[in-house]
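File shown: coords21.pdb (PDB, C-alpha atoms).
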ATOM      1  CA  MET R   1      80.571 113.695 115.362
ATOM      2  CA  LYS R   2      82.154 115.790 118.115
ATOM      3  CA  GLN R   3      81.150 113.314 120.801
ATOM      4  CA  ASP R   4      82.244 110.302 118.791
ATOM      5  CA  LYS R   5      85.497 109.468 120.533
ATOM      6  CA  LEU R   6      87.768 106.490 120.490
ATOM      7  CA  ILE R   7      87.748 104.987 123.978
ATOM      8  CA  ILE R   8      90.480 102.589 125.065
ATOM      9  CA  SER R   9      90.636 101.480 128.699
ATOM     10  CA  LYS R  10      88.441 104.425 129.677
ATOM     11  CA  LYS R  11      90.794 106.910 127.993
ATOM     12  CA  LYS R  12      89.172 109.072 125.336
ATOM     13  CA  PHE R  13      90.834 110.110 122.105
ATOM     14  CA  ASP R  14      89.536 112.501 119.457
ATOM     15  CA  SER R  15      91.306 110.830 116.553
ATOM     16  CA  ARG R  16      90.684 107.285 115.407
ATOM     17  CA  LEU R  17      93.940 107.248 113.495
ATOM     18  CA  ILE R  18      96.949 105.849 115.324
ATOM     19  CA  VAL R  19     100.286 106.276 113.590
ATOM     20  CA  GLY R  20     103.646 104.592 113.867
ATOM     21  CA  THR R  21     106.829 106.618 114.241
ATOM     22  CA  GLY R  22     109.177 104.317 112.311
ATOM     23  CA  LYS R  23     110.650 104.448 108.804
ATOM     24  CA  TYR R  24     110.640 108.248 108.440
ATOM     25  CA  LYS R  25     113.638 110.030 106.886
ATOM     26  CA  ASN R  26     114.259 111.839 110.156
ATOM     27  CA  MET R  27     112.590 112.887 113.386
ATOM     28  CA  LEU R  28     111.501 116.228 111.995
ATOM     29  CA  GLU R  29     109.612 114.604 109.133
ATOM     30  CA  CYS R  30     108.082 112.115 111.565
ATOM     31  CA  ALA R  31     106.893 114.819 113.960
ATOM     32  CA  LYS R  32     105.397 116.910 111.158
ATOM     33  CA  ALA R  33     103.572 113.941 109.626
ATOM     34  CA  ILE R  34     102.099 113.068 113.015
ATOM     35  CA  LYS R  35     100.896 116.609 113.501
ATOM     36  CA  ILE R  36      99.230 116.649 110.092
ATOM     37  CA  SER R  37      97.649 113.224 110.670
ATOM     38  CA  GLY R  38      95.918 114.583 113.777
ATOM     39  CA  ALA R  39      96.741 111.347 115.619
ATOM     40  CA  ASN R  40      96.532 111.398 119.418
ATOM     41  CA  ILE R  41      98.365 108.098 119.814
ATOM     42  CA  VAL R  42     101.699 107.051 118.319
ATOM     43  CA  THR R  43     103.467 103.731 118.558
ATOM     44  CA  VAL R  44     107.072 103.747 119.696
ATOM     45  CA  ALA R  45     109.765 101.098 120.012
ATOM     46  CA  VAL R  46     112.076 100.379 122.943
ATOM     47  CA  ARG R  47     115.744 100.130 121.976
ATOM     48  CA  ARG R  48     119.212 100.540 123.438
ATOM     49  CA  VAL R  49     120.433 104.105 123.898
ATOM     50  CA  ASN R  50     123.319 104.868 121.555
ATOM     51  CA  ILE R  51     126.100 105.393 124.083
ATOM     52  CA  SER R  52     128.788 106.339 121.570
ATOM     53  CA  ASP R  53     126.744 108.936 119.664
ATOM     54  CA  LYS R  54     125.080 111.134 122.227
ATOM     55  CA  LYS R  55     124.166 113.763 119.699
ATOM     56  CA  LYS R  56     121.624 111.466 118.103
ATOM     57  CA  PRO R  57     118.232 113.170 118.452
ATOM     58  CA  LEU R  58     115.771 111.718 120.950
ATOM     59  CA  LEU R  59     112.202 110.949 119.985
ATOM     60  CA  MET R  60     110.894 112.631 123.115
ATOM     61  CA  ASP R  61     112.516 115.902 122.036
ATOM     62  CA  PHE R  62     110.399 115.904 118.871
ATOM     63  CA  ILE R  63     107.152 114.339 120.028
ATOM     64  CA  ASP R  64     106.029 115.495 123.447
ATOM     65  CA  PRO R  65     104.629 112.546 125.439
ATOM     66  CA  LYS R  66     102.514 115.015 127.407
ATOM     67  CA  LYS R  67     100.651 115.999 124.244
ATOM     68  CA  ILE R  68     100.678 112.752 122.289
ATOM     69  CA  THR R  69     100.035 109.387 123.927
ATOM     70  CA  TYR R  70     103.019 107.100 123.487
ATOM     71  CA  LEU R  71     102.013 103.521 122.846
ATOM     72  CA  PRO R  72     105.070 101.377 123.551
ATOM     73  CA  ASN R  73     105.211  98.494 121.140
ATOM     74  CA  THR R  74     107.077  95.201 121.151
ATOM     75  CA  ALA R  75     107.815  95.295 117.426
ATOM     76  CA  GLY R  76     110.695  93.012 116.599
ATOM     77  CA  CYS R  77     110.041  90.592 119.465
ATOM     78  CA  PHE R  78     109.841  86.946 118.508
ATOM     79  CA  SER R  79     109.051  85.444 121.904
ATOM     80  CA  SER R  80     106.836  86.103 124.875
ATOM     81  CA  GLN R  81     109.931  86.527 127.024
ATOM     82  CA  GLU R  82     111.333  89.311 124.833
ATOM     83  CA  ALA R  83     107.967  91.053 124.626
ATOM     84  CA  LEU R  84     107.447  90.994 128.393
ATOM     85  CA  ARG R  85     110.954  92.317 128.991
ATOM     86  CA  THR R  86     110.396  95.140 126.498
ATOM     87  CA  LEU R  87     107.093  96.273 127.959
ATOM     88  CA  ARG R  88     108.281  96.088 131.565
ATOM     89  CA  LEU R  89     111.154  98.371 130.544
ATOM     90  CA  ALA R  90     108.746 100.661 128.703
ATOM     91  CA  ARG R  91     106.666 100.994 131.842
ATOM     92  CA  GLU R  92     109.802 101.863 133.786
ATOM     93  CA  ILE R  93     110.694 104.733 131.439
ATOM     94  CA  GLY R  94     107.706 106.735 132.527
ATOM     95  CA  GLY R  95     104.837 104.698 133.844
ATOM     96  CA  TRP R  96     103.315 103.597 130.542
ATOM     97  CA  LYS R  97     100.603 101.001 131.123
ATOM     98  CA  LEU R  98      98.747 101.222 127.839
ATOM     99  CA  VAL R  99     100.906  99.157 125.513
ATOM    100  CA  LYS R 100     100.832  97.368 122.200
ATOM    101  CA  LEU R 101     101.813  93.739 122.247
ATOM    102  CA  GLU R 102     103.266  92.291 119.087
ATOM    103  CA  VAL R 103     104.947  88.884 119.128
ATOM    104  CA  LEU R 104     106.068  87.851 115.679
ATOM    105  CA  GLY R 105     106.405  84.299 114.475
ATOM    106  CA  ASP R 106     108.096  84.492 111.095
ATOM    107  CA  LYS R 107     110.796  86.838 109.862
ATOM    108  CA  LYS R 108     109.531  86.829 106.275
ATOM    109  CA  ASN R 109     105.771  87.268 106.557
ATOM    110  CA  LEU R 110     105.876  88.877 110.024
ATOM    111  CA  PHE R 111     102.676  87.128 111.037
ATOM    112  CA  PRO R 112     101.963  87.139 114.756
ATOM    113  CA  GLU R 113     102.862  84.078 116.834
ATOM    114  CA  MET R 114      99.456  83.742 118.441
ATOM    115  CA  ILE R 115     100.206  81.185 121.174
ATOM    116  CA  GLU R 116     102.995  83.376 122.560
ATOM    117  CA  THR R 117     100.802  86.449 122.055
ATOM    118  CA  LEU R 118      97.946  84.928 124.036
ATOM    119  CA  ASN R 119     100.230  83.858 126.881
ATOM    120  CA  SER R 120     101.833  87.300 127.012
ATOM    121  CA  THR R 121      98.432  89.007 127.047
ATOM    122  CA  GLU R 122      97.438  87.023 130.142
ATOM    123  CA  ILE R 123     100.667  87.745 131.984
ATOM    124  CA  LEU R 124     100.740  91.454 131.141
ATOM    125  CA  THR R 125      97.092  91.942 132.068
ATOM    126  CA  LYS R 126      97.762  90.353 135.462
ATOM    127  CA  GLU R 127     100.669  92.770 135.909
ATOM    128  CA  GLY R 128      98.315  95.712 135.420
ATOM    129  CA  PHE R 129      99.079  96.533 131.802
ATOM    130  CA  LYS R 130      96.331  97.567 129.397
ATOM    131  CA  VAL R 131      97.256  95.483 126.417
ATOM    132  CA  MET R 132      96.324  96.332 122.853
ATOM    133  CA  VAL R 133      97.057  93.147 120.989
ATOM    134  CA  TYR R 134      98.336  92.781 117.444
ATOM    135  CA  CYS R 135      96.831  89.569 116.140
ATOM    136  CA  ASN R 136      95.823  87.675 113.042
ATOM    137  CA  ASP R 137      92.304  88.063 111.686
ATOM    138  CA  ASP R 138      90.983  84.865 113.271
ATOM    139  CA  PRO R 139      87.730  85.479 115.179
ATOM    140  CA  LEU R 140      88.354  82.518 117.499
ATOM    141  CA  MET R 141      91.746  83.798 118.536
ATOM    142  CA  ALA R 142      90.323  87.302 118.925
ATOM    143  CA  LYS R 143      87.792  85.854 121.366
ATOM    144  CA  ARG R 144      90.501  84.141 123.358
ATOM    145  CA  LEU R 145      92.467  87.382 123.577
ATOM    146  CA  GLU R 146      89.361  89.145 124.825
ATOM    147  CA  ASN R 147      88.867  86.470 127.471
ATOM    148  CA  ALA R 148      92.523  86.867 128.478
ATOM    149  CA  GLY R 149      91.876  90.532 129.256
ATOM    150  CA  ALA R 150      93.010  92.394 126.131
ATOM    151  CA  ALA R 151      92.246  96.131 126.107
ATOM    152  CA  ALA R 152      91.900  96.229 122.325
ATOM    153  CA  ILE R 153      91.933  93.740 119.472
ATOM    154  CA  MET R 154      94.259  94.735 116.645
ATOM    155  CA  PRO R 155      93.985  92.361 113.725
ATOM    156  CA  LEU R 156      96.224  92.756 110.724
ATOM    157  CA  ALA R 157      94.795  93.812 107.395
ATOM    158  CA  ALA R 158      97.714  92.113 105.657
ATOM    159  CA  PRO R 159     101.399  91.462 106.483
ATOM    160  CA  ILE R 160     103.193  94.384 108.165
ATOM    161  CA  GLY R 161     104.468  96.895 105.621
ATOM    162  CA  SER R 162     102.907  95.029 102.680
ATOM    163  CA  GLY R 163     100.432  97.740 101.676
ATOM    164  CA  LEU R 164      97.944  95.107 100.476
ATOM    165  CA  GLY R 165      94.921  96.509 102.312
ATOM    166  CA  ILE R 166      92.306  94.402 104.087
ATOM    167  CA  LEU R 167      92.576  90.844 102.747
ATOM    168  CA  ASN R 168      89.751  89.286 104.723
ATOM    169  CA  LYS R 169      86.885  91.697 105.233
ATOM    170  CA  VAL R 170      84.506  88.948 106.315
ATOM    171  CA  ASN R 171      86.705  87.935 109.247
ATOM    172  CA  ILE R 172      87.006  91.545 110.353
ATOM    173  CA  GLN R 173      83.204  91.861 110.269
ATOM    174  CA  ILE R 174      82.805  88.667 112.286
ATOM    175  CA  ILE R 175      85.243  89.965 114.889
ATOM    176  CA  ARG R 176      83.340  93.273 114.912
ATOM    177  CA  LYS R 177      80.072  91.481 115.591
ATOM    178  CA  GLN R 178      81.433  89.405 118.453
ATOM    179  CA  THR R 179      83.304  92.040 120.442
ATOM    180  CA  LYS R 180      82.618  95.337 122.148
ATOM    181  CA  LEU R 181      86.318  95.900 122.698
ATOM    182  CA  PRO R 182      88.017  98.541 120.580
ATOM    183  CA  LEU R 183      88.793  96.915 117.229
ATOM    184  CA  ILE R 184      91.713  98.523 115.473
ATOM    185  CA  ILE R 185      93.139  97.448 112.147
ATOM    186  CA  ASP R 186      96.875  97.208 112.505
ATOM    187  CA  ALA R 187      99.335  96.623 109.690
ATOM    188  CA  GLY R 188      99.129  96.116 105.963
ATOM    189  CA  LEU R 189      97.264  99.208 104.820
ATOM    190  CA  GLY R 190      98.604 100.807 101.640
ATOM    191  CA  GLN R 191      96.476 103.825 100.821
ATOM    192  CA  ALA R 192      93.882 106.076 102.394
ATOM    193  CA  SER R 193      90.891 104.197 100.984
ATOM    194  CA  ASP R 194      92.039 101.075 102.881
ATOM    195  CA  ALA R 195      91.503 103.019 106.097
ATOM    196  CA  THR R 196      88.052 104.097 104.959
ATOM    197  CA  ILE R 197      87.133 100.476 104.263
ATOM    198  CA  ALA R 198      88.349  99.440 107.714
ATOM    199  CA  MET R 199      86.201 102.114 109.326
ATOM    200  CA  GLU R 200      83.194 101.200 107.180
ATOM    201  CA  LEU R 201      83.504  97.615 108.388
ATOM    202  CA  GLY R 202      82.897  98.997 111.866
ATOM    203  CA  CYS R 203      86.429  99.156 113.187
ATOM    204  CA  ASP R 204      87.069 101.688 115.933
ATOM    205  CA  GLY R 205      90.343 102.855 114.470
ATOM    206  CA  VAL R 206      93.321 102.068 112.295
ATOM    207  CA  LEU R 207      97.047 102.013 112.910
ATOM    208  CA  VAL R 208      99.233 103.136 110.016
ATOM    209  CA  ASN R 209     102.952 103.507 109.699
ATOM    210  CA  THR R 210     104.596 102.457 106.426
ATOM    211  CA  ALA R 211     101.788 103.716 104.179
ATOM    212  CA  ILE R 212     102.407 107.248 105.442
ATOM    213  CA  ALA R 213     106.140 107.166 106.191
ATOM    214  CA  LYS R 214     107.088 105.603 102.869
ATOM    215  CA  ALA R 215     104.617 107.457 100.644
ATOM    216  CA  LYS R 216     106.297 109.725  98.083
ATOM    217  CA  LYS R 217     104.711 112.656  99.918
ATOM    218  CA  PRO R 218     104.314 111.594 103.563
ATOM    219  CA  PHE R 219     102.652 114.837 104.725
ATOM    220  CA  GLU R 220      99.987 114.695 102.023
ATOM    221  CA  MET R 221      99.412 111.013 102.762
ATOM    222  CA  ALA R 222      99.083 111.769 106.471
ATOM    223  CA  LYS R 223      96.319 114.238 105.619
ATOM    224  CA  ALA R 224      94.695 111.736 103.275
ATOM    225  CA  PHE R 225      94.601 109.082 106.002
ATOM    226  CA  LYS R 226      93.188 111.582 108.490
ATOM    227  CA  ASN R 227      90.338 112.405 106.130
ATOM    228  CA  ALA R 228      89.853 108.770 105.115
ATOM    229  CA  VAL R 229      89.345 107.653 108.707
ATOM    230  CA  VAL R 230      86.814 110.423 109.341
ATOM    231  CA  ALA R 231      84.983 109.626 106.093
ATOM    232  CA  GLY R 232      84.867 105.909 106.852
ATOM    233  CA  ARG R 233      83.580 106.459 110.352
ATOM    234  CA  GLN R 234      80.863 108.857 109.170
ATOM    235  CA  SER R 235      79.873 106.406 106.462
ATOM    236  CA  TYR R 236      79.657 103.552 108.988
ATOM    237  CA  LEU R 237      77.557 105.581 111.400
ATOM    238  CA  SER R 238      75.270 106.763 108.599
ATOM    239  CA  GLY R 239      74.069 103.240 107.789
ATOM    240  CA  ARG R 240      74.738 102.167 104.245
ATOM    241  CA  ILE R 241      72.021 101.031 101.813
ATOM    242  CA  GLU R 242      71.322  97.373 101.154
ATOM    243  CA  LYS R 243      73.187  95.801  98.255
ATOM    244  CA  LYS R 244      70.942  94.670  95.380
ATOM    245  CA  ILE R 245      71.645  92.706  92.246
ATOM    246  CA  MET R 246      69.305  94.754  90.016
ATOM    247  CA  GLY R 247      69.109  98.475  89.332
ATOM    248  CA  ASP R 248      66.842 100.852  91.200
ATOM    249  CA  PRO R 249      66.240 104.176  89.396
ATOM    250  CA  SER R 250      67.123 107.334  91.252
ATOM    251  CA  SER R 251      64.396 109.389  89.480
ATOM    252  CA  PRO R 252      60.673 108.664  89.903
ATOM    253  CA  ILE R 253      59.064 106.438  87.275
ATOM    254  CA  LYS R 254      55.729 108.257  87.684
ATOM    255  CA  GLY R 255      55.155 111.220  85.373
ATOM    256  CA  ILE R 256      57.585 110.185  82.688
ATOM    257  CA  ILE R 257      56.623 111.963  79.454
TER     258      ILE R 257
ATOM    259  CA  MET Q   1     145.385 104.408 141.228
ATOM    260  CA  LYS Q   2     141.741 103.449 141.451
ATOM    261  CA  LYS Q   3     140.825  99.832 140.924
ATOM    262  CA  LYS Q   4     139.034  99.248 137.616
ATOM    263  CA  ILE Q   5     136.274  96.820 136.755
ATOM    264  CA  LYS Q   6     134.883  95.401 133.516
ATOM    265  CA  ILE Q   7     131.198  95.828 132.797
ATOM    266  CA  LYS Q   8     129.024  95.575 129.720
ATOM    267  CA  ILE Q   9     126.930  98.593 128.775
ATOM    268  CA  ASN Q  10     124.348  97.819 126.119
ATOM    269  CA  GLY Q  11     126.350  94.764 125.113
ATOM    270  CA  LYS Q  12     129.691  96.567 124.814
ATOM    271  CA  LEU Q  13     132.637  96.044 127.131
ATOM    272  CA  ASN Q  14     133.582  99.075 129.226
ATOM    273  CA  ILE Q  15     136.262  99.621 131.850
ATOM    274  CA  ILE Q  16     135.091 101.823 134.700
ATOM    275  CA  ASP Q  17     136.213 102.713 138.212
ATOM    276  CA  ASP Q  18     135.390 100.195 140.893
ATOM    277  CA  LYS Q  19     132.601 101.228 143.252
ATOM    278  CA  THR Q  20     130.848 103.362 140.657
ATOM    279  CA  LYS Q  21     127.189 103.942 141.381
ATOM    280  CA  ILE Q  22     124.746 103.508 138.504
ATOM    281  CA  SER Q  23     123.663 107.137 138.893
ATOM    282  CA  VAL Q  24     127.286 108.275 138.490
ATOM    283  CA  LEU Q  25     127.788 106.127 135.394
ATOM    284  CA  LEU Q  26     124.642 107.580 133.821
ATOM    285  CA  LYS Q  27     125.794 111.080 134.623
ATOM    286  CA  ASP Q  28     129.197 110.398 133.049
ATOM    287  CA  LEU Q  29     127.471 109.061 129.953
ATOM    288  CA  LYS Q  30     125.176 112.115 129.919
ATOM    289  CA  ILE Q  31     122.068 109.943 129.921
ATOM    290  CA  PRO Q  32     118.807 111.795 130.704
ATOM    291  CA  ILE Q  33     117.455 109.491 133.420
ATOM    292  CA  ARG Q  34     113.899 110.699 132.964
ATOM    293  CA  LYS Q  35     113.848 109.370 129.411
ATOM    294  CA  VAL Q  36     115.351 105.919 129.914
ATOM    295  CA  ALA Q  37     114.890 102.629 131.721
ATOM    296  CA  ILE Q  38     117.736 100.646 133.249
ATOM    297  CA  GLU Q  39     118.269  96.938 133.553
ATOM    298  CA  LEU Q  40     121.066  95.437 135.631
ATOM    299  CA  ASN Q  41     121.779  91.767 134.954
ATOM    300  CA  ARG Q  42     118.299  91.354 133.433
ATOM    301  CA  GLN Q  43     116.567  92.935 136.437
ATOM    302  CA  ILE Q  44     114.849  96.280 136.056
ATOM    303  CA  VAL Q  45     116.338  98.877 138.394
ATOM    304  CA  ASP Q  46     113.985 101.223 140.211
ATOM    305  CA  LYS Q  47     115.125 104.686 139.145
ATOM    306  CA  LYS Q  48     114.903 105.890 142.729
ATOM    307  CA  LYS Q  49     117.617 103.393 143.679
ATOM    308  CA  LEU Q  50     120.166 104.335 141.017
ATOM    309  CA  ASN Q  51     122.278 106.215 143.539
ATOM    310  CA  LYS Q  52     122.342 103.276 145.924
ATOM    311  CA  ILE Q  53     123.606 100.522 143.656
ATOM    312  CA  PHE Q  54     127.348 100.032 143.075
ATOM    313  CA  LEU Q  55     128.424  98.319 139.889
ATOM    314  CA  LYS Q  56     130.473  95.131 140.190
ATOM    315  CA  THR Q  57     132.803  93.474 137.726
ATOM    316  CA  ASN Q  58     131.042  91.552 134.926
ATOM    317  CA  ASP Q  59     127.774  93.410 135.524
ATOM    318  CA  ARG Q  60     125.643  93.802 132.432
ATOM    319  CA  ILE Q  61     123.745  97.042 132.283
ATOM    320  CA  GLU Q  62     121.152  97.898 129.642
ATOM    321  CA  ILE Q  63     120.007 101.464 129.041
ATOM    322  CA  VAL Q  64     116.971 101.754 126.791
ATOM    323  CA  HIS Q  65     114.718 104.504 125.529
ATOM    324  CA  PHE Q  66     111.932 105.074 123.040
ATOM    325  CA  ILE Q  67     112.707 105.397 119.362
ATOM    326  CA  GLY Q  68     110.539 105.566 116.261
ATOM    327  CA  GLY Q  69     108.710 102.337 115.546
ATOM    328  CA  GLY Q  70     105.563 100.873 114.052
TER     329      GLY Q  70
END
Transcribe the structure of this file into structure tokens.
Amino acid sequence: MKQDKLIISKKKFDSRLIVGTGKYKNMLECAKAIKISGANIVTVAVRRVNISDKKKPLLMDFIDPKKITYLPNTAGCFSSQEALRTLRLAREIGGWKLVKLEVLGDKKNLFPEMIETLNSTEILTKEGFKVMVYCNDDPLMAKRLENAGAAAIMPLAAPIGSGLGILNKVNIQIIRKQTKLPLIIDAGLGQASDATIAMELGCDGVLVNTAIAKAKKPFEMAKAFKNAVVAGRQSYLSGRIEKKIMGDPSSPIKGII
Amino acid sequence: MKKKIKIKINGKLNIIDDKTKISVLLKDLKIPIRKVAIELNRQIVDKKKLNKIFLKTNDRIEIVHFIGGG
């Protein structure tokens, strides 16, 4: 398992668990949960600096971007224009080219607006960005994103923050079969076993935020997700048995007394 | 007395001295340049040029950084 690394745009990562940095009680809790999760990549948002309250702690003071890969995200953007602006600014902060694109289409269900997402993927790729794309679980759209130059396909399991787990396993498997790009389940996971299922379906990784940050015990849940991702990956690589309708005894029939 | 100008910083109206360079404004605001990106009137400003650009009245400057997010 030591050599089994997550590779995105030629960059290698030991952990297949990517975690979000939002919704934690404070920065300290966030940083500790990330450490326990073992994640090498964290998603971050781009927002205005609070000019009036300069004592507000900075994310970079708690999570060192030299040790943990920052994945700037366009969470909260509802148009291609906003998303492009956000990621161009993110790149300016410190040269970030590996980014997560997320263009939302509906404030209630937070489903991705796929036409805007596709257009943005094309533009950003041409500008030299390596774009990991949050998308719905539609294999046809996933294909179009791949053709547009996406660096990773990131279909939702369920609506962001819903905790419902993977709603359409078949679609995820179809996407897995059709692409060699990194396939990372993004959004909607609720508990550690959801991550295991994602990995067993052949996904290359999972992205989790709310399920850890809002768990009653975030540190324990971070550990649970870490283990769940490893277990799911090992299970996937081990090759599961065929499913059968009838029973198949585990002890030999021969020699029964 | 120095001439003053009106600019918007992160959407809020501010009165500053005329002929203030962006780099000086950021220093006054105690902004760690290394950790932010700057937009002036919707155009990203190359951080190397912050000490060459003078702010004008009605300029809109945005100063952004990374925060926790999903």
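With distances taken over only C-alpha atoms, R:Asn209 is the one residue among R:Ser79, R:Asn119, R:Asn209, R:Asn168 lying closest to chain Q.
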Give me, as a Markdown table, each residue of chain R that comes within 8 Å of chain Q, together with its shortest interatomic pair and the distance in Å at one decimal, counting only C-alpha atoms, with rows ordered by chain and rising residue number.
| residue | atom | partner | partner_atom | distance |
| --- | --- | --- | --- | --- |
| R:Val19 | CA | Q:Gly70 | CA | 7.6 |
| R:Gly20 | CA | Q:Gly70 | CA | 4.2 |
| R:Thr21 | CA | Q:Gly68 | CA | 4.4 |
| R:Gly22 | CA | Q:Gly69 | CA | 3.8 |
| R:Lys23 | CA | Q:Gly69 | CA | 7.3 |
| R:Thr43 | CA | Q:Gly70 | CA | 5.7 |
| R:Val44 | CA | Q:Gly69 | CA | 4.7 |
| R:Ala45 | CA | Q:Gly69 | CA | 4.8 |
| R:Val46 | CA | Q:Phe66 | CA | 4.7 |
| R:Arg47 | CA | Q:Val64 | CA | 5.2 |
| R:Arg48 | CA | Q:Val64 | CA | 4.2 |
| R:Val49 | CA | Q:Val64 | CA | 5.1 |
| R:Ile51 | CA | Q:Leu29 | CA | 7.1 |
| R:Lys54 | CA | Q:Lys30 | CA | 7.8 |
| R:Leu58 | CA | Q:Ile67 | CA | 7.2 |
| R:Leu59 | CA | Q:Ile67 | CA | 5.6 |
| R:Met60 | CA | Q:Phe66 | CA | 7.6 |
| R:Pro72 | CA | Q:Phe66 | CA | 7.8 |
| R:Asn73 | CA | Q:Gly70 | CA | 7.5 |
| R:Ala75 | CA | Q:Gly70 | CA | 6.9 |
| R:Arg88 | CA | Q:Ile44 | CA | 8.0 |
| R:Leu89 | CA | Q:Ala37 | CA | 5.8 |
| R:Ala90 | CA | Q:Ala37 | CA | 7.1 |
| R:Glu92 | CA | Q:Ala37 | CA | 5.5 |
| R:Ile93 | CA | Q:Ala37 | CA | 4.7 |
| R:Gly94 | CA | Q:Arg34 | CA | 7.4 |
| R:Val208 | CA | Q:Gly70 | CA | 7.8 |
| R:Asn209 | CA | Q:Gly70 | CA | 5.7 |
| R:Thr210 | CA | Q:Gly70 | CA | 7.8 |
Item to check | For stretch 51-57 of chain Q: contacts at 10 Å, only C-alpha atoms, fewer than 3 positions along chain excluded, given as JSON, numbers by chain | outcome: {"Q": [4, 5, 6, 7, 8, 15, 16, 17, 18, 19, 20, 21, 22, 23, 24, 25, 40, 45, 47, 48, 60, 61]}
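Interatomic distance, atom CA of R:Met141 against atom CA of R:Ala187: 17.3 Å.
All residues of protein, DNA or RNA that reach within 12 Å of R:Ile123, judged by all atoms listed in the file and not counting those fewer than 5 positions away in the chain, are Ser80, Gln81, Ala83, Leu84, Arg85, Leu87, Arg88, Leu101, Glu116, Thr117, Leu118, Gly128, Phe129, Lys130, Val131, Leu145, Ala148, Gly149 and Ala150 of chain R.
Note that the spacing between atom CA of R:Thr74 and atom CA of R:Lys97 amounts to 13.2 Å.
Between atom CA of R:Ala31 and atom CA of R:Ile185 the interatomic distance comes to 22.2 Å.
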Next on the checklist: As a check of understanding, name the residues that the PyMOL selection byres ((chain R and resi 176-179) around 10) selects in the supplied structure, as a PyMOL selection string.
Outcome noted: chain R and resi 139-140+142-143+146+152-153+170-175+180-184+201-204
Checklist entry - Taking the file as shown, what set of residues would the PyMOL selection byres ((chain R and resi 230-247) around 8) give back, as a ChimeraX atom specification? => result /R:1,16,195-202,226-229,248-249
